[in-house]
Amino acid sequence: MPDYALMNQLVFEGNQAEVKSLTEGALDEGRDVKEVLEEGLIAGMKVVGEDFKRNKIFVPEVLLAARAMKAGMSVLEPLLTACDGDAQRDVIVMGTVKGDLHDIGKNLVGMMAEGAGFTVVDLGTNTSAEEFIAAVREHDALILGMSALLTTTMVYMKTVVDAVKEQGVDVSVCIGGAPVGPEFCDEIGAHGYAADAASAVQLFKRLVAARNSG
Amino acid sequence: MRPRLRFLEPVLVERIVEEAKAILSTRGVLVEGPMVARLEELGLKVDGSSGRLKMSSEFIDSGIESAPSSIELFDREGESHALLEKDRVHFVPGSSALKILDRETNEMRGPTSRDLAEYVRVADGLERISYLSTAFVPQDIPQEVADAWRLYLCLAHSKKPVVSGAFTAHGVTRMARLLSFFRSGKEELIAKPLAIFTCCPNTPLRWGVDPLQNLVECAEWGIPVEIVPVLLLGMISPATTVGALVLHTAEVLSGLALAQAVRRGTPILFGGAPAAFHMQLMTNPMTAVEALQVFCGYAQIAEHLKLPSQAYMALSDAKFNDPQAGFETGIGAFLAALSGINSVSGPGMLDYVNCFSLEKLVFDDEIVAHAQRFIRPVGIKGDLPTGELIDELVRENHLLTAEHTLEHWPEELYLPGPMVDRTNWDQWEERGKPSGRDRALEMIEEKLDEYEVDPLPDDLHGEIQGLFHDTFDGKLEMPEY
Ligand code: B12
């Protein structure tokens with residue numbers, strides 16, 4: 001039986017090399033991929049998330065832990081993709097909308113989401129509706145995350161939402177950034193808004209859960 | 001001598017500048033978009049595969065040399081209005097907020113054109129607000145022209161120069177044409193600048209499509225540019241002061257050198273809006289104590305390079321006009337004044353430059369008065385030797401009627417306006433116990449009543465509005481203001 005408690009602790013400490021080798025060890029022992037993922041990696045990240053919420057650890061520690069988790073994931077990933085669909089990681093396509101270069105917030109959301117086990121496809125800044133939709137299709141993304149920091153560019157979010165609907169793309173659209181809020185989210189018909197990276201991750205999880213149950 | 005804050009050893013200032021230049025010559029800056037071709041026409045060599053432009057020390061030095069050490073701003077009528085140089089300190093409202101704090105409901109909301117016109121009418125009458133800014137962005141106009149629209153509303157209601165900036169790649173051209181309506185043409189606009197525009201590099205060391213185009217076009221139109229890097233300490237900048245100053249300086253110098261390459265003599269302000277990165281909340285406080293140190297540090301570097309300076313100081317990250325707003329704005333204003341920053345953008349601003357408050361603006365006007373008074377030169381004023389004054393005090397028990405007092409007190413002892421409560425408790429009760437907010441609201445009404453600026457001639461309105469109509473094939477509905 002692999003020492004999952006130790007693995008959790010090493011994820012928490014951000015120890016990439018050890019997490020990777022313990023993950024390999026667990027597979028060598030013949031453990032199930034999903035079990036290693038859940039009990040070894042995700043359980044570790046859960047503590048990280050909780051401690052972050054309680055101000056016990058801070059952004060750098062969260063990102064270090066996320067990196068360690070990623071190191072473990074690099075081992076599991078090929079096996080996950082090979083097995084049945086629902087064990088594959090959920091994909092989020094993220095980008096800052098057309099005309100906008102602000103990407104600090106978007107990058108943080110992406111990093112935190114990766115830490116929570118999502119696969120993030122980052123389209124960078126100045127992203128058009130076509131680019132968003134193409135990436136969602138290519139990667140079979142469940143979530144499309146858009147960021148805008150300018151009043152000039154937030155209106156483009158509606159363009160993207162409309163295009164998603166028109167083209168019948170089945171994806172949950174989430175938005176964020178200083179000028180937008182929950183009302184704007186409703187107004188343009190997006191599926192969710194979050195005010196910061198931590199709540200963004202909660203939002204993504206909620207939407208994915210709702211998709212899976214619905 | 002004028003009170004002055006300098007905390008970097010002169011050798012350290014030089015090392016920071018040298019390191020910044022070394023970074024530019026070895027790493028260079030990333031330049032993007034259609035303006036890259038323009039830079040290449042000017043003989044600059046952009047690496048085809050990396051998109052980076054390395055800048056030699058000579059190129060930077062020649063830029064510093066040709067950038068003026070003094071910038072004169074002129075009003076809408078072409079009269080001289082402000083001189084940005086040496087240790088002359090000016091305060092202007094912070095720019096481009098997304099929201100305003102409604103003064104009736106005390107709640108945040110989206111601004112309208114009417115709000116902006118009202119702000120201009122109040123700000124125009126505030127004595128210590130040296131010139132204006134396009135403080136927030138009305139939402140009742142199509143956003144692709146909102147940058148120019150708010151500039152128009154400022155110039156329509158005040159003669160004072162304006163700090164502004166474009167929101168899109170093509171924004172500067174429209175705004176520059178708007179400015180040139182107040183001059184005989186481009187040449188006169190260059191000779192008599194009416195506005196300062198903000199251009200922001202993308203930290204680290206990247207001039208993206210829009211910022212680069214804005215920078216090049218400002219240089220072509222001779223519009224003074226404040227180069228404003230936004231470092232977030234610990235996130236997109238070294239967490240420590242010196243490292244941040246190196247990166248900040250490299251970014252400002254890269255923009256300066258590019259602007260000088262386009263048009264030598266383009267007025268540049270060594271600006272900035274450094275902030276800390278909050279490791280828990282992921283916010284970006286510009287009023288964080290570490291950020292303040294970076295602000296004051298780069299002011300010293302600007303002074304060393306003989307460049308006029310700009311900073312996003314004298315503002316607050318609080319949500320309301322509460323004690324936090326007072327202390328953050330007060331500290332920022334004093335530090336900016338003591339650092340000799342020539343153009344301090346901040347008054348009126350709350351919530352990480354996201355929200356503008358008129359109440360705060362009138363309050364900050366008083367903070368500015370205090371900061372400006374604090375940096376007046378201190379020297380002997382008939383008070384050294386002091387023996388005779390002391391003798392008189394002992395003889396008369398007071399100096400209230402002493403010749404020395406009569407001569408000096410009106411200059412020396414400042415009587416603040418109503419925003420600072422100097423009553424004693426009973427006096428305050430007698431006056432109906434006015435709160436700070438009551439006094440601010442009253443002050444705003446007073447300024448609105450007193451407001452008097454000649455309206456623009458109708459034909460000029462027509463010409464300017466034509467610029468907006470052109471963009472929408474005559475189909476634009478002008479908001480009321
Ligand atoms: C940093 C900054 C910059 C940097 C950006 C660097 C970068 N790589 O991103 C630089 C200096 C380059 C810059 C440039 C400009 N900027 Co700017 N900038 C800011 C500033 C100060 C902070 C933004 C930030 O990074 N905050 C920190 C991050 C962590 O917070 P955040 O972005 O809000 O993200 C969090 C949440 O919103 C959420 N979130 C974000 N995205 C998403 C997405 C999803 C899906 C979800 C669920 C959640 C989510 O989670 C994030 C993490 O917690 C803001 C003011 C402000 N306080 O917002 C102005 C601000 C947005 N900028 C402004 C302006 C005007 C500009 C310029 C036009 C200036 C100019 N004239 O050159 C240019 C724009 C160029 C362009 N075309 O984009 C204005 C906007 C005004 C308006 N009405 O639209 C602001 C409000 C400042 C001001 N008052 O002037 N800017």
# chains A, B, ... in the order shown; residues from 1 in each chain; ligands from 1
$ residues_near_ligand --ligand "ligand 1" --cutoff "6 Å" --atoms "only C-alpha atoms and all ligand atoms" --output "MDAnalysis selection string"
(chainID A and resid 99:106 108:109 145:147 149:152 174:178 193:197 200) or (chainID B and resid 95:98 137 165:168 198:203 210:211 229:230 282:284 352:354)
$ residues_around --residues "A:Ala209" --least-positions-apart "6" --cutoff "12 Å" --atoms "only C-alpha atoms" --output "ChimeraX atom specification"
/A:86,90,142-143,172,202-203
$ residues_around --residues "A:Glu114" --least-positions-apart "5" --cutoff "12 Å" --atoms "only C-alpha atoms" --output "JSON, numbers by chain"
{"A": [42, 45, 62, 63, 64, 65, 66, 67, 68, 69, 70, 71, 73, 89, 90, 91, 92, 93, 94, 107, 108, 109, 119, 120, 121, 122, 197, 198, 200, 201, 204, 205]}
$ residues_around --residues "A:Glu61" --least-positions-apart "6" --cutoff "12 Å" --atoms "only C-alpha atoms" --output "PyMOL selection string"
(chain A and resi 11-15+45+47-49+51-52+55+67-68+112+115) or (chain B and resi 279-280)
$ atom_distance --atom1 "atom CA of B:Phe270" --atom2 "atom CA of B:Ser309"
4.5 Å
$ select_by_dssp --residues "stretch 61-141 of chain A" --states "helix (DSSP H, G or I)" --output "VMD selection string"
chain A and resid 61 to 82 85 to 87 104 to 115 129 to 139
$ select_by_dssp --residues "stretch 106-249 of chain B" --states "strand (DSSP E or B)" --output "list in words"
Met108, Arg109, Ile129, Leu132, Ser133, Phe136, Val162, Val163, Ser164, Ala195, Ile196, Phe197, Thr198, Cys199, Asn202, Arg206, Trp207, Val225, Glu226, Ile227, Leu232 and Leu233 of chain B
$ write_last_selection --atoms "N, CA and C atoms" --output "mmCIF file, in the first residue's frame"
data_model
loop_
_atom_site.group_PDB
_atom_site.id
_atom_site.type_symbol
_atom_site.label_atom_id
_atom_site.label_comp_id
_atom_site.auth_asym_id
_atom_site.auth_seq_id
_atom_site.Cartn_x
_atom_site.Cartn_y
_atom_site.Cartn_z
ATOM 1 N N MET B 108 -21.130 52.408 -5.006
ATOM 2 C CA MET B 108 -20.381 52.401 -6.256
ATOM 3 C C MET B 108 -21.316 52.151 -7.420
ATOM 4 N N ARG B 109 -21.096 52.876 -8.516
ATOM 5 C CA ARG B 109 -21.913 52.590 -9.698
ATOM 6 C C ARG B 109 -21.161 53.016 -10.960
ATOM 7 N N ILE B 129 -5.626 71.561 -7.203
ATOM 8 C CA ILE B 129 -5.602 70.572 -8.275
ATOM 9 C C ILE B 129 -5.080 71.323 -9.501
ATOM 10 N N LEU B 132 -6.300 68.888 -14.888
ATOM 11 C CA LEU B 132 -7.323 67.843 -14.765
ATOM 12 C C LEU B 132 -6.846 66.497 -15.300
ATOM 13 N N SER B 133 -7.692 65.515 -15.100
ATOM 14 C CA SER B 133 -7.451 64.228 -15.762
ATOM 15 C C SER B 133 -8.814 63.727 -16.218
ATOM 16 N N PHE B 136 -12.666 59.328 -14.947
ATOM 17 C CA PHE B 136 -13.370 58.039 -15.055
ATOM 18 C C PHE B 136 -14.027 57.954 -16.424
ATOM 19 N N VAL B 162 -5.055 68.484 -19.532
ATOM 20 C CA VAL B 162 -5.663 67.231 -19.083
ATOM 21 C C VAL B 162 -4.674 66.068 -19.169
ATOM 22 N N VAL B 163 -4.673 65.243 -18.144
ATOM 23 C CA VAL B 163 -3.938 63.976 -18.204
ATOM 24 C C VAL B 163 -4.912 62.911 -18.689
ATOM 25 N N SER B 164 -4.535 62.191 -19.751
ATOM 26 C CA SER B 164 -5.455 61.211 -20.314
ATOM 27 C C SER B 164 -4.662 60.055 -20.934
ATOM 28 N N ALA B 195 -2.160 68.296 -23.298
ATOM 29 C CA ALA B 195 -2.491 67.079 -22.553
ATOM 30 C C ALA B 195 -1.245 66.229 -22.356
ATOM 31 N N ILE B 196 -1.307 65.410 -21.337
ATOM 32 C CA ILE B 196 -0.293 64.368 -21.138
ATOM 33 C C ILE B 196 -1.020 63.054 -21.342
ATOM 34 N N PHE B 197 -0.428 62.117 -22.093
ATOM 35 C CA PHE B 197 -1.045 60.797 -22.246
ATOM 36 C C PHE B 197 -0.222 59.735 -21.518
ATOM 37 N N THR B 198 -0.940 58.797 -20.937
ATOM 38 C CA THR B 198 -0.286 57.677 -20.262
ATOM 39 C C THR B 198 0.004 56.570 -21.265
ATOM 40 N N CYS B 199 1.202 56.025 -21.245
ATOM 41 C CA CYS B 199 1.508 54.814 -22.028
ATOM 42 C C CYS B 199 2.133 53.807 -21.081
ATOM 43 N N ASN B 202 4.070 46.595 -20.875
ATOM 44 C CA ASN B 202 3.612 45.389 -20.183
ATOM 45 C C ASN B 202 4.805 44.798 -19.457
ATOM 46 N N ARG B 206 7.942 44.603 -22.182
ATOM 47 C CA ARG B 206 7.233 44.280 -23.407
ATOM 48 C C ARG B 206 6.397 45.489 -23.830
ATOM 49 N N TRP B 207 6.570 45.899 -25.072
ATOM 50 C CA TRP B 207 5.716 46.933 -25.641
ATOM 51 C C TRP B 207 4.766 46.226 -26.598
ATOM 52 N N VAL B 225 4.328 62.247 -22.884
ATOM 53 C CA VAL B 225 3.937 60.899 -22.472
ATOM 54 C C VAL B 225 4.426 60.625 -21.062
ATOM 55 N N GLU B 226 3.523 60.168 -20.202
ATOM 56 C CA GLU B 226 3.999 59.635 -18.927
ATOM 57 C C GLU B 226 4.106 58.126 -19.106
ATOM 58 N N ILE B 227 5.304 57.623 -18.926
ATOM 59 C CA ILE B 227 5.498 56.178 -19.086
ATOM 60 C C ILE B 227 5.261 55.542 -17.723
ATOM 61 N N LEU B 232 4.046 44.587 -10.048
ATOM 62 C CA LEU B 232 3.419 44.067 -8.831
ATOM 63 C C LEU B 232 4.515 43.302 -8.096
ATOM 64 N N LEU B 233 4.985 43.885 -6.998
ATOM 65 C CA LEU B 233 6.142 43.333 -6.296
ATOM 66 C C LEU B 233 5.885 41.899 -5.855
#
$ residues_around --residues "B:Ser62" --least-positions-apart "2" --cutoff "12 Å" --atoms "only C-alpha atoms" --output "PyMOL selection string"
chain B and resi 55-60+64-68+253-254+256-261+264-265+305
$ residues_around --residues "A:Met1" --least-positions-apart "2" --cutoff "10 Å" --atoms "only C-alpha atoms" --output "PyMOL selection string"
chain A and resi 3-4+26+29-31
$ residues_around --residues "B:Gly326" --least-positions-apart "2" --cutoff "12 Å" --atoms "only C-alpha atoms" --output "PDB file with N, CA and C atoms, in the first residue's frame"
ATOM      1  N   THR B 287      -0.826  51.558  -2.512  1.00  0.00           N
ATOM      2  CA  THR B 287      -0.519  52.320  -1.315  1.00  0.00           C
ATOM      3  C   THR B 287       0.275  51.476  -0.320  1.00  0.00           C
ATOM      4  N   ALA B 314      -0.922  59.622  -3.669  1.00  0.00           N
ATOM      5  CA  ALA B 314      -1.965  60.472  -3.080  1.00  0.00           C
ATOM      6  C   ALA B 314      -3.344  59.918  -3.432  1.00  0.00           C
ATOM      7  N   LEU B 315      -3.470  58.617  -3.319  1.00  0.00           N
ATOM      8  CA  LEU B 315      -4.748  57.962  -3.549  1.00  0.00           C
ATOM      9  C   LEU B 315      -4.910  56.869  -2.502  1.00  0.00           C
ATOM     10  N   SER B 316      -6.015  56.167  -2.574  1.00  0.00           N
ATOM     11  CA  SER B 316      -6.247  55.137  -1.570  1.00  0.00           C
ATOM     12  C   SER B 316      -6.821  53.880  -2.206  1.00  0.00           C
ATOM     13  N   ASP B 317      -6.552  52.755  -1.583  1.00  0.00           N
ATOM     14  CA  ASP B 317      -7.137  51.496  -2.038  1.00  0.00           C
ATOM     15  C   ASP B 317      -8.389  51.140  -1.233  1.00  0.00           C
ATOM     16  N   ALA B 318      -8.800  52.046  -0.311  1.00  0.00           N
ATOM     17  CA  ALA B 318     -10.011  51.800   0.476  1.00  0.00           C
ATOM     18  C   ALA B 318     -11.246  51.868  -0.423  1.00  0.00           C
ATOM     19  N   LYS B 319     -12.368  51.366   0.073  1.00  0.00           N
ATOM     20  CA  LYS B 319     -13.606  51.374  -0.719  1.00  0.00           C
ATOM     21  C   LYS B 319     -14.365  52.688  -0.566  1.00  0.00           C
ATOM     22  N   PHE B 320     -14.228  53.289   0.612  1.00  0.00           N
ATOM     23  CA  PHE B 320     -14.996  54.494   0.935  1.00  0.00           C
ATOM     24  C   PHE B 320     -14.060  55.559   1.496  1.00  0.00           C
ATOM     25  N   ASN B 321     -14.642  56.708   1.778  1.00  0.00           N
ATOM     26  CA  ASN B 321     -13.846  57.771   2.380  1.00  0.00           C
ATOM     27  C   ASN B 321     -13.779  57.562   3.892  1.00  0.00           C
ATOM     28  N   ASP B 322     -13.045  56.548   4.255  1.00  0.00           N
ATOM     29  CA  ASP B 322     -12.950  56.161   5.658  1.00  0.00           C
ATOM     30  C   ASP B 322     -11.535  56.477   6.172  1.00  0.00           C
ATOM     31  N   PRO B 323     -11.234  56.107   7.406  1.00  0.00           N
ATOM     32  CA  PRO B 323      -9.896  56.424   7.927  1.00  0.00           C
ATOM     33  C   PRO B 323      -8.763  55.889   7.038  1.00  0.00           C
ATOM     34  N   GLN B 324      -8.950  54.701   6.487  1.00  0.00           N
ATOM     35  CA  GLN B 324      -7.905  54.153   5.613  1.00  0.00           C
ATOM     36  C   GLN B 324      -7.660  55.085   4.424  1.00  0.00           C
ATOM     37  N   GLU B 328      -3.990  56.701   3.871  1.00  0.00           N
ATOM     38  CA  GLU B 328      -3.213  56.322   2.684  1.00  0.00           C
ATOM     39  C   GLU B 328      -2.961  57.528   1.772  1.00  0.00           C
ATOM     40  N   THR B 329      -4.014  58.324   1.581  1.00  0.00           N
ATOM     41  CA  THR B 329      -3.862  59.466   0.690  1.00  0.00           C
ATOM     42  C   THR B 329      -2.893  60.487   1.288  1.00  0.00           C
ATOM     43  N   GLY B 330      -3.033  60.708   2.584  1.00  0.00           N
ATOM     44  CA  GLY B 330      -2.168  61.688   3.241  1.00  0.00           C
ATOM     45  C   GLY B 330      -0.703  61.288   3.171  1.00  0.00           C
ATOM     46  N   ILE B 331      -0.431  60.039   3.482  1.00  0.00           N
ATOM     47  CA  ILE B 331       0.959  59.579   3.455  1.00  0.00           C
ATOM     48  C   ILE B 331       1.504  59.678   2.034  1.00  0.00           C
ATOM     49  N   GLY B 332       0.715  59.207   1.076  1.00  0.00           N
ATOM     50  CA  GLY B 332       1.164  59.234  -0.318  1.00  0.00           C
ATOM     51  C   GLY B 332       1.436  60.652  -0.789  1.00  0.00           C
ATOM     52  N   ALA B 333       0.549  61.581  -0.435  1.00  0.00           N
ATOM     53  CA  ALA B 333       0.716  62.961  -0.882  1.00  0.00           C
ATOM     54  C   ALA B 333       1.991  63.566  -0.295  1.00  0.00           C
ATOM     55  N   PRO B 347      -5.466  62.175  -6.423  1.00  0.00           N
ATOM     56  CA  PRO B 347      -6.620  62.690  -5.702  1.00  0.00           C
ATOM     57  C   PRO B 347      -7.957  62.220  -6.287  1.00  0.00           C
ATOM     58  N   GLY B 348      -8.859  61.860  -5.401  1.00  0.00           N
ATOM     59  CA  GLY B 348     -10.188  61.409  -5.809  1.00  0.00           C
ATOM     60  C   GLY B 348     -10.301  59.903  -5.963  1.00  0.00           C
ATOM     61  N   MET B 349      -9.168  59.208  -5.983  1.00  0.00           N
ATOM     62  CA  MET B 349      -9.210  57.796  -6.370  1.00  0.00           C
ATOM     63  C   MET B 349      -9.276  56.847  -5.171  1.00  0.00           C
ATOM     64  N   LEU B 350     -10.105  55.822  -5.333  1.00  0.00           N
ATOM     65  CA  LEU B 350     -10.269  54.769  -4.334  1.00  0.00           C
ATOM     66  C   LEU B 350     -10.126  53.393  -5.000  1.00  0.00           C
ATOM     67  N   GLU B 359     -16.364  63.436  -3.422  1.00  0.00           N
ATOM     68  CA  GLU B 359     -16.145  63.811  -2.021  1.00  0.00           C
ATOM     69  C   GLU B 359     -14.672  63.701  -1.673  1.00  0.00           C
ATOM     70  N   LYS B 360     -14.097  62.608  -2.138  1.00  0.00           N
ATOM     71  CA  LYS B 360     -12.692  62.391  -1.832  1.00  0.00           C
ATOM     72  C   LYS B 360     -11.852  63.471  -2.495  1.00  0.00           C
ATOM     73  N   LEU B 361     -12.243  63.845  -3.700  1.00  0.00           N
ATOM     74  CA  LEU B 361     -11.468  64.852  -4.414  1.00  0.00           C
ATOM     75  C   LEU B 361     -11.401  66.165  -3.624  1.00  0.00           C
ATOM     76  N   PHE B 363     -11.804  66.527  -0.474  1.00  0.00           N
ATOM     77  CA  PHE B 363     -11.020  66.276   0.735  1.00  0.00           C
ATOM     78  C   PHE B 363      -9.527  66.256   0.396  1.00  0.00           C
ATOM     79  N   ASP B 364      -9.205  65.577  -0.699  1.00  0.00           N
ATOM     80  CA  ASP B 364      -7.794  65.455  -1.095  1.00  0.00           C
ATOM     81  C   ASP B 364      -7.189  66.803  -1.472  1.00  0.00           C
ATOM     82  N   ASP B 365      -8.019  67.688  -1.997  1.00  0.00           N
ATOM     83  CA  ASP B 365      -7.546  69.027  -2.307  1.00  0.00           C
ATOM     84  C   ASP B 365      -6.921  69.652  -1.048  1.00  0.00           C
ATOM     85  N   GLU B 366      -7.523  69.377   0.080  1.00  0.00           N
ATOM     86  CA  GLU B 366      -6.998  69.888   1.354  1.00  0.00           C
ATOM     87  C   GLU B 366      -5.730  69.141   1.767  1.00  0.00           C
ATOM     88  N   ILE B 367      -5.703  67.838   1.517  1.00  0.00           N
ATOM     89  CA  ILE B 367      -4.476  67.079   1.812  1.00  0.00           C
ATOM     90  C   ILE B 367      -3.323  67.654   0.992  1.00  0.00           C
ATOM     91  N   VAL B 368      -3.618  67.954  -0.266  1.00  0.00           N
ATOM     92  CA  VAL B 368      -2.587  68.493  -1.150  1.00  0.00           C
ATOM     93  C   VAL B 368      -2.094  69.844  -0.616  1.00  0.00           C
ATOM     94  N   MET B 419     -12.745  71.225   5.125  1.00  0.00           N
ATOM     95  CA  MET B 419     -12.557  69.775   5.157  1.00  0.00           C
ATOM     96  C   MET B 419     -11.745  69.319   6.362  1.00  0.00           C
ATOM     97  N   VAL B 420     -11.046  70.250   6.985  1.00  0.00           N
ATOM     98  CA  VAL B 420     -10.322  69.890   8.206  1.00  0.00           C
ATOM     99  C   VAL B 420     -11.038  70.566   9.363  1.00  0.00           C
ATOM    100  N   GLY B 436     -17.702  64.852   8.334  1.00  0.00           N
ATOM    101  CA  GLY B 436     -16.788  65.088   7.211  1.00  0.00           C
ATOM    102  C   GLY B 436     -17.543  64.995   5.894  1.00  0.00           C
TER     103      GLY B 436
END
$ atom_distance --atom1 "atom CA of B:Val36" --atom2 "atom CA of B:Cys218"
15.4 Å
$ closest_residue --among "A:Val169, A:Met111, A:Gly189, A:Lys98" --to "A:Ala148" --atoms "only C-alpha atoms"
A:Lys98
$ closest_residue --among "B:Ala276, B:Ala148, B:Ile390, B:Leu194" --to "B:Asp75" --atoms "only C-alpha atoms"
B:Leu194
$ closest_residue --among "B:Arg395, B:Lys447, B:Arg177, B:His278" --to "chain A" --atoms "only C-alpha atoms"
B:His278
$ atom_distance --atom1 "atom CA of B:Gly379" --atom2 "atom CA of B:Ile341"
22.0 Å
